[in-house]
Each structure stands twice: as C-alpha cells, then as structure tokens.
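Listing of data_36.cif, mmCIF, C-alpha atoms
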data_upload
loop_
_atom_site.label_atom_id
_atom_site.label_comp_id
_atom_site.auth_asym_id
_atom_site.auth_seq_id
_atom_site.Cartn_x
_atom_site.Cartn_y
_atom_site.Cartn_z
CA MET A 1 99.71 95.76 133.45
CA ASP A 2 96.07 94.79 133.10
CA SER A 3 93.52 97.58 132.86
CA PRO A 4 90.30 97.61 134.89
CA VAL A 5 87.35 95.66 133.52
CA VAL A 6 85.09 97.87 131.42
CA SER A 7 81.39 97.05 131.16
CA PRO A 8 79.68 97.22 127.77
CA SER A 9 78.11 100.57 126.96
CA LEU A 10 74.34 100.88 126.66
CA LEU A 11 74.71 101.50 122.92
CA HIS A 12 76.74 98.30 122.58
CA GLN A 13 74.13 96.32 124.49
CA VAL A 14 71.35 97.61 122.23
CA VAL A 15 73.25 96.97 119.00
CA ALA A 16 74.43 93.53 120.15
CA THR A 17 70.85 92.54 120.95
CA VAL A 18 68.93 94.12 118.08
CA LEU A 19 71.21 93.84 115.05
CA PRO A 20 71.65 90.03 115.05
CA ARG A 21 67.85 89.70 115.28
CA VAL A 22 67.27 92.15 112.45
CA ARG A 23 69.72 90.24 110.27
CA ARG A 24 68.33 86.91 111.48
CA ALA A 25 71.73 85.70 112.63
CA ARG A 26 71.51 82.19 114.00
CA ASP A 27 73.57 79.08 114.65
CA LEU A 28 74.25 76.58 111.89
CA ASP A 29 71.45 74.09 111.32
CA ASP A 30 72.66 72.15 108.26
CA ALA A 31 75.82 72.62 106.17
CA ASP A 32 74.15 71.90 102.84
CA LEU A 33 71.24 74.21 103.61
CA GLU A 34 73.66 76.95 104.65
CA ARG A 35 75.58 76.57 101.41
CA GLY A 36 72.35 76.81 99.45
CA ARG A 37 71.28 79.93 101.37
CA ILE A 38 74.62 81.64 100.82
CA LEU A 39 74.67 80.82 97.10
CA ALA A 40 71.07 81.99 96.64
CA TRP A 41 71.82 85.23 98.47
CA GLN A 42 75.00 85.84 96.46
CA GLN A 43 72.94 85.51 93.27
CA THR A 44 70.88 88.53 94.36
CA LEU A 45 73.91 90.80 94.71
CA VAL A 46 74.02 93.65 92.22
CA GLY A 47 77.75 94.30 92.27
CA GLY A 48 79.57 97.60 92.20
CA LEU A 49 80.60 99.78 95.09
CA PRO A 50 77.82 100.41 97.67
CA THR A 51 78.22 104.11 98.48
CA ARG A 52 74.80 104.92 99.95
CA LEU A 53 76.14 105.57 103.47
CA VAL A 54 78.61 108.21 102.28
CA PRO A 55 76.85 111.55 101.68
CA GLY A 56 77.97 113.21 98.47
CA PHE A 57 80.29 110.34 97.59
CA SER A 58 80.44 111.10 93.86
CA ARG A 59 81.35 114.74 94.57
CA ARG A 60 83.98 113.93 97.19
CA PHE A 61 85.77 110.93 95.69
CA ASP A 62 87.19 109.72 92.42
CA VAL A 63 86.89 105.98 91.81
CA GLU A 64 88.75 103.86 89.31
CA VAL A 65 88.03 100.17 88.76
CA ASP A 66 91.08 97.99 88.09
CA HIS A 67 90.47 94.52 86.60
CA SER A 68 94.12 93.52 86.23
CA ALA A 69 93.89 90.98 89.07
CA GLY A 70 91.02 89.15 87.40
CA PHE A 71 88.39 90.66 89.69
CA PRO A 72 87.34 94.26 90.37
CA THR A 73 89.56 96.41 92.56
CA TYR A 74 88.18 99.83 93.48
CA VAL A 75 90.68 102.66 93.93
CA LEU A 76 89.19 105.53 95.94
CA THR A 77 90.92 108.91 95.97
CA PRO A 78 89.56 111.89 97.92
CA ARG A 79 89.15 114.93 95.70
CA GLY A 80 91.15 118.00 96.63
CA ALA A 81 93.41 116.06 99.01
CA ASP A 82 97.17 115.79 98.94
CA VAL A 83 97.49 112.02 98.71
CA THR A 84 100.58 110.89 100.60
CA ARG A 85 99.93 107.18 101.16
CA THR A 86 98.12 104.12 99.86
CA VAL A 87 96.07 101.76 102.01
CA LEU A 88 95.14 98.36 100.59
CA TYR A 89 92.04 97.34 102.51
CA GLY A 90 90.83 93.74 102.82
CA HIS A 91 87.11 93.68 103.58
CA GLY A 92 85.59 91.27 106.08
CA GLY A 93 82.51 89.10 105.76
CA GLY A 94 83.66 85.57 106.51
CA TYR A 95 84.92 85.16 102.93
CA VAL A 96 81.27 84.74 101.86
CA LYS A 97 80.11 88.37 101.81
CA PRO A 98 81.30 91.17 99.49
CA ILE A 99 82.19 94.76 100.22
CA ASP A 100 79.26 96.38 102.00
CA ALA A 101 78.18 99.96 102.59
CA PHE A 102 79.77 100.10 106.05
CA HIS A 103 83.16 99.14 104.60
CA VAL A 104 82.84 101.95 102.08
CA ARG A 105 81.84 104.43 104.77
CA TYR A 106 84.82 103.44 106.91
CA VAL A 107 87.44 103.60 104.17
CA SER A 108 85.99 106.90 102.95
CA ILE A 109 86.60 108.38 106.40
CA LEU A 110 90.14 106.99 106.38
CA ALA A 111 90.80 108.41 102.94
CA ARG A 112 89.73 111.93 103.92
CA ARG A 113 91.44 112.01 107.30
CA LEU A 114 94.70 110.45 106.19
CA GLY A 115 94.99 111.91 102.72
CA ALA A 116 95.08 108.33 101.49
CA ARG A 117 94.31 106.44 98.35
CA ILE A 118 92.27 103.34 99.28
CA VAL A 119 92.69 100.17 97.23
CA LEU A 120 89.68 97.92 97.85
CA PRO A 121 89.83 94.48 96.16
CA ASP A 122 86.49 92.77 95.55
CA TYR A 123 88.04 89.30 95.74
CA PRO A 124 86.08 86.14 94.73
CA LEU A 125 84.08 84.56 97.54
CA ALA A 126 83.45 81.16 99.09
CA PRO A 127 81.84 78.69 98.78
CA THR A 128 82.43 78.71 95.01
CA HIS A 129 85.99 80.05 95.42
CA THR A 130 88.89 79.28 97.75
CA TRP A 131 92.05 81.14 98.72
CA ARG A 132 93.81 79.57 95.73
CA ASP A 133 91.67 81.59 93.32
CA SER A 134 92.92 84.98 94.48
CA HIS A 135 95.91 84.83 96.83
CA GLU A 136 98.75 85.20 94.33
CA ASP A 137 96.80 87.82 92.35
CA LEU A 138 96.24 89.81 95.54
CA VAL A 139 99.94 89.58 96.37
CA ASP A 140 100.81 90.86 92.88
CA LEU A 141 98.38 93.73 93.43
CA ALA A 142 99.91 94.61 96.81
CA VAL A 143 103.45 94.45 95.41
CA ALA A 144 102.49 96.75 92.54
CA TRP A 145 101.07 99.35 94.93
CA ALA A 146 104.07 99.03 97.26
CA GLU A 147 106.34 99.69 94.28
CA HIS A 148 104.18 102.64 93.27
CA ALA A 149 104.55 104.13 96.77
CA ASP A 150 108.33 103.74 96.56
CA CYS A 151 108.55 105.33 93.12
CA ALA A 152 106.15 108.17 93.95
CA GLY A 153 107.95 109.08 97.18
CA GLU A 154 104.85 108.34 99.23
CA ARG A 155 104.74 106.67 102.62
CA PRO A 156 105.18 102.87 102.45
CA LEU A 157 102.09 100.84 101.63
CA THR A 158 99.76 100.05 104.52
CA LEU A 159 97.87 96.76 104.51
CA MET A 160 94.65 96.98 106.53
CA GLY A 161 91.65 94.74 106.97
CA ASP A 162 88.83 93.64 109.25
CA SER A 163 87.86 90.10 110.26
CA ALA A 164 88.43 87.86 107.24
CA GLY A 165 90.08 90.81 105.51
CA GLY A 166 92.49 91.18 108.43
CA GLY A 167 93.61 87.61 108.04
CA LEU A 168 93.78 88.11 104.29
CA VAL A 169 96.19 91.06 104.45
CA LEU A 170 98.35 89.37 107.08
CA ALA A 171 98.72 86.44 104.68
CA LEU A 172 99.61 88.89 101.88
CA ALA A 173 102.33 90.46 104.03
CA GLN A 174 103.82 87.03 104.71
CA THR A 175 103.91 86.06 101.04
CA MET A 176 105.40 89.43 100.08
CA ARG A 177 108.14 88.82 102.66
CA ASP A 178 108.70 85.28 101.38
CA ARG A 179 109.11 86.53 97.81
CA LEU A 180 111.72 89.00 99.04
CA ARG A 181 113.55 86.23 100.87
CA ARG A 182 113.57 83.96 97.82
CA HIS A 183 114.52 86.49 95.19
CA GLY A 184 116.46 89.08 97.20
CA SER A 185 114.31 91.86 95.78
CA GLY A 186 110.71 92.94 95.69
CA ALA A 187 108.50 95.46 97.43
CA VAL A 188 106.90 94.75 100.80
CA ALA A 189 104.33 96.52 102.94
CA GLY A 190 105.45 99.16 105.39
CA SER A 191 102.79 98.59 108.05
CA LEU A 192 99.76 96.52 109.01
CA VAL A 193 96.48 97.43 110.75
CA LEU A 194 94.32 94.46 111.71
CA HIS A 195 90.77 94.87 113.02
CA ALA A 196 89.81 91.64 114.83
CA PRO A 197 91.57 89.57 112.18
CA TRP A 198 90.26 86.10 111.37
CA ALA A 199 93.78 84.76 111.11
CA ASP A 200 93.38 81.23 112.49
CA LEU A 201 90.80 79.30 110.48
CA THR A 202 91.46 76.12 112.45
CA SER A 203 89.63 77.72 115.43
CA THR A 204 91.99 75.88 117.78
CA ALA A 205 93.32 78.81 119.83
CA PRO A 206 92.87 78.19 123.57
CA GLY A 207 89.78 79.98 124.86
CA THR A 208 87.92 80.06 121.54
CA GLU A 209 84.94 78.13 122.90
CA GLU A 210 84.70 80.40 125.95
CA PHE A 211 84.78 83.59 123.91
CA SER A 212 82.25 82.17 121.46
CA ALA A 213 79.81 81.46 124.28
CA ARG A 214 79.49 85.19 125.03
CA ASP A 215 79.68 86.48 121.45
CA PRO A 216 76.22 87.87 120.49
CA TRP A 217 77.02 87.98 116.78
CA LEU A 218 79.33 85.23 115.54
CA PHE A 219 78.57 81.52 115.69
CA LEU A 220 81.49 79.11 115.93
CA SER A 221 79.68 76.44 113.90
CA LYS A 222 79.35 78.82 110.95
CA ILE A 223 82.90 80.09 111.37
CA ARG A 224 84.21 76.54 111.04
CA LEU A 225 82.04 75.84 107.99
CA TYR A 226 83.09 79.03 106.21
CA ALA A 227 86.71 78.22 107.05
CA GLU A 228 86.36 74.84 105.34
CA TRP A 229 84.91 76.51 102.27
CA TRP A 230 87.69 79.09 102.04
CA ALA A 231 90.45 76.53 102.65
CA GLY A 232 88.96 74.19 100.07
CA SER A 233 90.41 71.19 101.86
CA PRO A 234 90.92 70.25 105.53
CA ASP A 235 94.61 69.83 104.71
CA ASP A 236 94.83 73.53 103.80
CA LEU A 237 93.25 74.95 106.96
CA ASP A 238 96.59 75.49 108.70
CA ARG A 239 98.45 76.81 105.64
CA PRO A 240 99.84 80.34 106.19
CA GLU A 241 97.83 81.60 103.21
CA VAL A 242 94.67 80.52 105.05
CA SER A 243 95.65 80.77 108.74
CA PRO A 244 98.50 83.31 108.80
CA ALA A 245 98.47 83.43 112.61
CA LEU A 246 99.96 79.94 112.49
CA GLY A 247 102.62 80.89 109.96
CA ASP A 248 106.04 82.53 110.20
CA LEU A 249 105.60 85.92 111.89
CA SER A 250 109.22 87.06 111.71
CA ASP A 251 110.42 89.94 109.55
CA LEU A 252 106.97 91.45 109.10
CA PRO A 253 106.24 95.19 109.16
CA PRO A 254 105.10 96.92 112.37
CA ALA A 255 101.46 96.08 113.05
CA LEU A 256 98.58 97.37 115.12
CA MET A 257 95.74 94.99 116.03
CA LEU A 258 92.39 95.89 117.57
CA HIS A 259 89.64 93.58 118.75
CA GLY A 260 86.71 93.40 121.13
CA THR A 261 86.53 91.30 124.26
CA ARG A 262 83.21 89.64 123.40
CA ASP A 263 84.50 88.46 120.04
CA THR A 264 84.86 84.77 119.19
CA LEU A 265 88.07 85.72 117.39
CA ALA A 266 89.61 87.30 120.50
CA ALA A 267 91.31 84.07 121.60
CA ALA A 268 93.07 83.70 118.27
CA CYS A 269 94.00 87.41 118.30
CA ARG A 270 95.69 86.94 121.68
CA MET A 271 97.46 83.85 120.37
CA LEU A 272 98.65 85.91 117.41
CA VAL A 273 100.19 88.45 119.78
CA ARG A 274 101.99 85.73 121.73
CA ARG A 275 103.34 84.10 118.59
CA ALA A 276 104.45 87.45 117.22
CA GLU A 277 106.33 88.17 120.43
CA GLU A 278 107.99 84.75 120.23
CA ALA A 279 108.99 85.41 116.62
CA GLY A 280 110.96 88.42 117.80
CA GLY A 281 110.84 90.35 114.55
CA ALA A 282 107.13 91.05 114.33
CA HIS A 283 106.28 94.33 116.06
CA LEU A 284 102.63 93.72 116.85
CA ARG A 285 100.85 96.21 119.07
CA ARG A 286 97.48 95.53 120.64
CA GLY A 287 94.89 98.28 120.61
CA ALA A 288 91.45 98.92 122.00
CA ARG A 289 88.31 100.22 120.35
CA PRO A 290 89.22 103.17 118.07
CA ALA A 291 88.66 106.61 119.54
CA ALA A 292 87.73 109.62 117.47
CA ARG A 293 91.26 111.03 117.43
CA LEU A 294 93.99 109.57 115.23
CA GLN A 295 97.46 109.61 116.74
CA PRO A 296 100.75 108.83 115.00
CA LEU A 297 102.24 105.43 115.76
CA PRO A 298 105.78 105.72 117.14
CA ALA A 299 108.48 104.82 114.67
CA ASP A 300 110.10 101.40 114.68
CA PRO A 301 112.66 101.67 117.51
CA ARG A 302 115.23 99.98 115.29
CA GLY A 303 115.12 102.61 112.55
CA ALA A 304 114.90 106.31 111.79
CA ALA A 305 111.64 108.02 112.68
CA ARG A 306 110.45 109.30 109.31
CA ASP A 307 111.68 106.51 107.08
CA ALA A 308 110.99 103.55 109.35
CA PRO A 309 108.25 101.16 108.21
CA GLY A 310 104.97 102.35 109.66
CA ALA A 311 106.18 105.86 110.49
CA GLY A 312 103.15 108.12 110.60
CA LEU A 313 100.68 105.24 110.65
CA PRO A 314 97.62 106.35 112.60
CA ARG A 315 97.38 104.71 115.97
CA LEU A 316 93.74 104.18 116.89
CA SER A 317 93.56 104.51 120.64
CA GLY A 318 90.79 104.25 123.20
CA ARG A 319 89.18 101.99 125.78
CA ALA A 320 87.39 98.81 124.92
CA GLY A 321 83.66 99.33 124.99
CA THR A 322 82.64 95.70 124.68
CA GLY A 323 83.22 94.40 128.19
CA GLY A 324 86.11 92.50 129.72
CA ARG A 325 89.70 93.63 129.74
CA PRO A 326 90.69 96.41 127.35
CA MET A 327 93.46 95.33 124.99
CA LEU A 328 95.88 98.24 125.26
CA ALA A 329 99.16 98.69 123.44
CA GLY A 330 102.36 97.73 125.12
#

Final structure tokens representation of the file:
Amino acid sequence: MDSPVVSPSLLHQVVATVLPRVRRARDLDDADLERGRILAWQQTLVGGLPTRLVPGFSRRFDVEVDHSAGFPTYVLTPRGADVTRTVLYGHGGGYVKPIDAFHVRYVSILARRLGARIVLPDYPLAPTHTWRDSHEDLVDLAVAWAEHADCAGERPLTLMGDSAGGGLVLALAQTMRDRLRRHGSGAVAGSLVLHAPWADLTSTAPGTEEFSARDPWLFLSKIRLYAEWWAGSPDDLDRPEVSPALGDLSDLPPALMLHGTRDTLAAACRMLVRRAEEAGGAHLRRGARPAARLQPLPADPRGAARDAPGAGLPRLSGRAGTGGRPMLAG
C-alpha cells in the first residue's frame, strides 16, 4: 500500500538549495574540461583517512591500513567494544571522489552502535582507473573478511555502501556468489545494505529523466560521463560488475535498500527492486530515510532466526523526508 506523500522538511530545503551552490555543483559543460578539472582536483588530495568530523577519533578507534589489495584499506575498530561483526563499506562519490569526512563520521557511528569492525577500501578512482583495476581485488578482500567472520564465530559479513559504493558492493556480492557456483565452495556475504545505490550505469531505467529534473544535487549529464569513465568502454556499461542492477539477482543475501524520492537514482533503485522480485531469490527490502533508532531486521523466513543470513542486521526505519512517496519496506 502506498504511503501518503510527504513534503520535504525545511532543513532539507535549505541543504538542497545551499550545499550545491557552496560546492559549485553544475551541469556538464564539456567532457574534456570536466576530465581536466577532476584530474587537477584529485592531484590536490592529501590521502589518508579524513577524521576531522569525528571528535576524539584517535582515542575512540584503532585503525589499521591493509595494502594487500594493492590500494589502502582502512580497518576501523571501536576501542572497548565487543566486536561481533564486520561491515565492508563501499564509499560513494561517483567513482571519482575518495573517502570523505562524512563517510568516516557515518561509519564511525555504525562501528560504535553495532559493535562492528568497519573495512573501508580506498579503491582507485576514475577517470584514470576503471572497474577492471579493482573489482577482483575487492572481491578477494570481501571473501577474506567473510571467511574471517566464519572462523571467528562472528555474524556473517555485511556489505554496505552508498551511491557508487552501493553499486560496488552489490557487484561484489554477485561475483562472490558466482565464485561459489563455479567452485562449489567459497565464502559469501550474509547481508547487504544499499544507500541509494548507483547500480545501473546505463541510466536507462524508466523515469530516470523525470527524477533527474527535480534532483537539486546530481546532474544526469555528469552521471553518464562518470559512468563511461568507470566502465572504460561503452561495451562494458551493462556488465554486472559495472551495472549490477542489470545482472543476475538470484541467490543473493537478504538486502535492505534506502533512497530519497528526489534522487536521480531513484528510478534505477525501483527497477532494482522489481528485478529482484522477479529473480525470486533476492530478498530486497525497500526502506525510507534512516531514523535515529536501529531495529533488528527479521530473519530470512526460509531459515533459522539466529543463523540466517542477515540475522541481526540493523533495519534503518523512518519516513522519507525528501518529498514524494516514502519507500517503505514490504
């Protein structure tokens, strides 16, 4: 049943108006100029983990840097906590921006509230890199942490990500499943949490143009350009490693997806839900804007409560605050 239309909050209206102007967000003018701007900006990046938005970070968290994948992966562990799970988090940023301070603030909150170890890969970025430069290494990383969770008696690995990172971890889950199918063995993720995942880089989902017209932040012209950079070739745009929403969605772990209703990516998120339902085996739940309270996600109805994939995964519940129809579970 559809929920009543919810108007954007005053805070949302202010942020949606002011923040794009502060960051000088604008539509694409020229592809070559955009590439030059992105490359010049990337050259100014210092590197490392930006922790400035987390008060007392060094006192509250231990951080290890793992270079085994060929690029830095930060492993955050809350001090004094009984760590019972691992979350591998794929950061967003259109595949052109690195981990930022807001990502670190968010995963730090998750780590403390969930008693979780956060694995945060700083994967190589477009336009100088494509999915081919990191996908298999990221899968190896995810498999290793899934195996660690199994051996340590922790909850199954959770794959989580926002925007580009949401699409990234969905692609990882698919490849982990495919390895299991081919070899008959291998660790897989136990659950997925996708925040407005950029999971269709073809931008062909019905309604994409309409959602883009009312999105105050994202520009479809730039989305398509960044997609071309990440794919590396137009022929790769619809590959499951690049556009996992178009891939095989069967036999994936239980998933929770959240997105706004003024988001250019909303059309593709809705398409992802429909395709997951058609696949039959993908238990994808739609959520609204996260509320302050974390609630346990019900166990997979096919399995036992405690041991089922995704058992105990926090369900982020609440009403959409971005206008339009709230996307509620069920």

Answer as an MDAnalysis selection string, residues within 12 Å of (91.0, 72.8, 104.1) using all atoms listed in the file:
chainID A and resid 130:132 201:202 224:243

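With distances taken over all atoms listed in the file, A:Val83 is the one residue among A:Val83, A:Leu246, A:Val65, A:Leu120 lying closest to Gly153 of chain A.
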
Reference answer for the PyMOL selection byres ((chain A and resi 279) around 12), as a PDB file with C-alpha atoms, in the frame of the given file:
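The resulting file, expr-v9.pdb, is reproduced below:
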ATOM      1  CA  ALA A 245      98.470  83.430 112.610  1.00  0.00           C
ATOM      2  CA  LEU A 246      99.960  79.940 112.490  1.00  0.00           C
ATOM      3  CA  GLY A 247     102.620  80.890 109.960  1.00  0.00           C
ATOM      4  CA  ASP A 248     106.040  82.530 110.200  1.00  0.00           C
ATOM      5  CA  LEU A 249     105.600  85.920 111.890  1.00  0.00           C
ATOM      6  CA  SER A 250     109.220  87.060 111.710  1.00  0.00           C
ATOM      7  CA  ASP A 251     110.420  89.940 109.550  1.00  0.00           C
ATOM      8  CA  LEU A 252     106.970  91.450 109.100  1.00  0.00           C
ATOM      9  CA  LEU A 272      98.650  85.910 117.410  1.00  0.00           C
ATOM     10  CA  VAL A 273     100.190  88.450 119.780  1.00  0.00           C
ATOM     11  CA  ARG A 274     101.990  85.730 121.730  1.00  0.00           C
ATOM     12  CA  ARG A 275     103.340  84.100 118.590  1.00  0.00           C
ATOM     13  CA  ALA A 276     104.450  87.450 117.220  1.00  0.00           C
ATOM     14  CA  GLU A 277     106.330  88.170 120.430  1.00  0.00           C
ATOM     15  CA  GLU A 278     107.990  84.750 120.230  1.00  0.00           C
ATOM     16  CA  GLY A 280     110.960  88.420 117.800  1.00  0.00           C
ATOM     17  CA  GLY A 281     110.840  90.350 114.550  1.00  0.00           C
ATOM     18  CA  ALA A 282     107.130  91.050 114.330  1.00  0.00           C
ATOM     19  CA  HIS A 283     106.280  94.330 116.060  1.00  0.00           C
ATOM     20  CA  LEU A 284     102.630  93.720 116.850  1.00  0.00           C
TER      21      LEU A 284
END

Starting from the displayed file, determine the output of the PyMOL selection byres ((chain A and resi 264) around 12) and express the residue list as a PyMOL selection string.
chain A and resi 163+196-198+200-201+203-224+259-263+265-270

Box in all listed atoms of segment 227-237 of chain A, axis-aligned, with 5 Å more on each side; write out centre and edge lengths in Å to one decimal as lines of an AutoDock Vina configuration file.
center_x = 89.9
center_y = 74.5
center_z = 103.6
size_x = 19.9
size_y = 19.3
size_z = 17.0

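Using all atoms listed in the file, the contacts of segment 121-127 of chain A at a cut-off of 7 Å, with sequence neighbours closer than 2 positions omitted, comprise Phe71, Pro72, Thr73, Tyr74, Gly90, Tyr95, Val96, Lys97, Pro98, Ile99, Val119, His129, Thr130, Ser134, Trp229 and Trp230 of chain A.
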
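Minimum atom-to-atom distances from A:Val143, A:Leu258, A:Val46, A:Leu138 to Ser185 of chain A were compared using only C-alpha atoms, and the lowest value belongs to A:Val143.
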
Take the PyMOL selection byres ((chain A and resi 154) around 6), run it mentally on this structure, and tell me the resulting residues as a JSON list (two decimals) with C-alpha atoms, keeping the file's coordinate frame.
[["chain", "number", "residue", "atom", "x", "y", "z"],
["A", 84, "THR", "CA", 100.58, 110.89, 100.60],
["A", 85, "ARG", "CA", 99.93, 107.18, 101.16],
["A", 149, "ALA", "CA", 104.55, 104.13, 96.77],
["A", 152, "ALA", "CA", 106.15, 108.17, 93.95],
["A", 153, "GLY", "CA", 107.95, 109.08, 97.18],
["A", 155, "ARG", "CA", 104.74, 106.67, 102.62]]

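Near Tyr89 of chain A, within 9 Å and counting only C-alpha atoms, sit Val87, His91, Val107, Ile118, Val119, Leu120, Pro121, Thr158, Leu159, Met160, Gly161, Asp162, Gly165, Gly166 and Val169 of chain A, not including residues fewer than 2 positions from it in the same chain.
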
Those same residues - C-alpha atoms - I'd like them written as a PDB file, in the frame of the given file.
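Writing done, so here's part_26.pdb:
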ATOM      1  CA  VAL A  87      96.070 101.760 102.010  1.00  0.00           C
ATOM      2  CA  HIS A  91      87.110  93.680 103.580  1.00  0.00           C
ATOM      3  CA  VAL A 107      87.440 103.600 104.170  1.00  0.00           C
ATOM      4  CA  ILE A 118      92.270 103.340  99.280  1.00  0.00           C
ATOM      5  CA  VAL A 119      92.690 100.170  97.230  1.00  0.00           C
ATOM      6  CA  LEU A 120      89.680  97.920  97.850  1.00  0.00           C
ATOM      7  CA  PRO A 121      89.830  94.480  96.160  1.00  0.00           C
ATOM      8  CA  THR A 158      99.760 100.050 104.520  1.00  0.00           C
ATOM      9  CA  LEU A 159      97.870  96.760 104.510  1.00  0.00           C
ATOM     10  CA  MET A 160      94.650  96.980 106.530  1.00  0.00           C
ATOM     11  CA  GLY A 161      91.650  94.740 106.970  1.00  0.00           C
ATOM     12  CA  ASP A 162      88.830  93.640 109.250  1.00  0.00           C
ATOM     13  CA  GLY A 165      90.080  90.810 105.510  1.00  0.00           C
ATOM     14  CA  GLY A 166      92.490  91.180 108.430  1.00  0.00           C
ATOM     15  CA  VAL A 169      96.190  91.060 104.450  1.00  0.00           C
TER      16      VAL A 169
END

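These residues, each with an atom at most 10 Å from (91.9, 111.0, 101.5) using all atoms listed in the file, are Arg60, Phe61, Leu76, Thr77, Pro78, Arg79, Gly80, Ala81, Asp82, Val83, Thr84, Arg85, Thr86, Val107, Ser108, Ile109, Leu110, Ala111, Arg112, Arg113, Leu114, Gly115, Ala116, Arg117 and Ile118 of chain A.
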
When you draw a straight line from atom CA of Arg35 of chain A to atom CA of Arg21 of chain A, how long is it in Å?
20.6 Å

note - atom CA of Trp41 of chain A and atom CA of Glu64 of chain A are separated by 26.8 Å

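Distances to Leu170 of chain A were evaluated for A:Arg182, A:His12, A:His195, A:His67 using all atoms listed in the file, and the minimum falls at A:His195.
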
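Put simply, atom CA of Pro156 of chain A is 13.1 Å away from atom CA of Ala255 of chain A.
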
Using all atoms listed in the file, which residues sit within 7 Å of Pro50 of chain A once same-chain residues fewer than 3 positions away are excluded, as a ChimeraX atom specification?
/A:100-101,104

Mind completing segment 101-108 of chain A with all heavy atoms? Output as a short mmCIF file (atom, residue, chain, number, x, y, z; two decimals), keeping the file's coordinate frame, please?
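The file below, out29.cif, is the result:
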data_model
loop_
_atom_site.label_atom_id
_atom_site.label_comp_id
_atom_site.auth_asym_id
_atom_site.auth_seq_id
_atom_site.Cartn_x
_atom_site.Cartn_y
_atom_site.Cartn_z
N ALA A 101 78.22 98.50 102.48
CA ALA A 101 78.18 99.96 102.59
C ALA A 101 78.95 100.47 103.80
O ALA A 101 79.49 101.59 103.78
CB ALA A 101 76.72 100.42 102.65
N PHE A 102 79.03 99.67 104.87
CA PHE A 102 79.77 100.10 106.05
C PHE A 102 81.27 100.08 105.79
O PHE A 102 82.01 100.92 106.31
CB PHE A 102 79.41 99.22 107.25
CG PHE A 102 78.01 99.44 107.76
CD1 PHE A 102 76.97 98.61 107.37
CD2 PHE A 102 77.73 100.52 108.59
CE1 PHE A 102 75.68 98.83 107.82
CE2 PHE A 102 76.44 100.75 109.05
CZ PHE A 102 75.41 99.91 108.66
N HIS A 103 81.75 99.12 105.00
CA HIS A 103 83.16 99.14 104.60
C HIS A 103 83.48 100.42 103.83
O HIS A 103 84.50 101.08 104.08
CB HIS A 103 83.48 97.94 103.72
CG HIS A 103 83.44 96.62 104.41
ND1 HIS A 103 82.69 95.56 103.96
CD2 HIS A 103 84.06 96.17 105.54
CE1 HIS A 103 82.85 94.53 104.76
NE2 HIS A 103 83.66 94.88 105.73
N VAL A 104 82.60 100.76 102.89
CA VAL A 104 82.84 101.95 102.08
C VAL A 104 82.82 103.21 102.94
O VAL A 104 83.64 104.12 102.76
CB VAL A 104 81.82 102.04 100.93
CG1 VAL A 104 82.03 103.32 100.12
CG2 VAL A 104 81.94 100.83 100.02
N ARG A 105 81.89 103.26 103.88
CA ARG A 105 81.84 104.43 104.77
C ARG A 105 83.13 104.54 105.57
O ARG A 105 83.70 105.64 105.71
CB ARG A 105 80.64 104.31 105.71
CG ARG A 105 80.54 105.45 106.72
CD ARG A 105 79.29 105.32 107.58
NE ARG A 105 79.26 106.30 108.64
CZ ARG A 105 78.90 107.57 108.50
NH1 ARG A 105 78.54 108.01 107.32
NH2 ARG A 105 78.90 108.40 109.52
N TYR A 106 83.61 103.42 106.09
CA TYR A 106 84.82 103.44 106.91
C TYR A 106 86.04 103.86 106.10
O TYR A 106 86.80 104.75 106.51
CB TYR A 106 85.04 102.07 107.53
CG TYR A 106 86.31 101.96 108.35
CD1 TYR A 106 86.53 102.80 109.42
CD2 TYR A 106 87.28 101.01 108.03
CE1 TYR A 106 87.69 102.71 110.17
CE2 TYR A 106 88.45 100.92 108.78
CZ TYR A 106 88.64 101.76 109.85
OH TYR A 106 89.79 101.68 110.59
N VAL A 107 86.24 103.26 104.93
CA VAL A 107 87.44 103.60 104.17
C VAL A 107 87.35 105.02 103.61
O VAL A 107 88.39 105.67 103.40
CB VAL A 107 87.71 102.57 103.04
CG1 VAL A 107 87.93 101.19 103.63
CG2 VAL A 107 86.61 102.57 101.99
N SER A 108 86.13 105.52 103.40
CA SER A 108 85.99 106.90 102.95
C SER A 108 86.46 107.87 104.03
O SER A 108 87.12 108.88 103.74
CB SER A 108 84.53 107.19 102.58
OG SER A 108 84.10 106.39 101.51
#
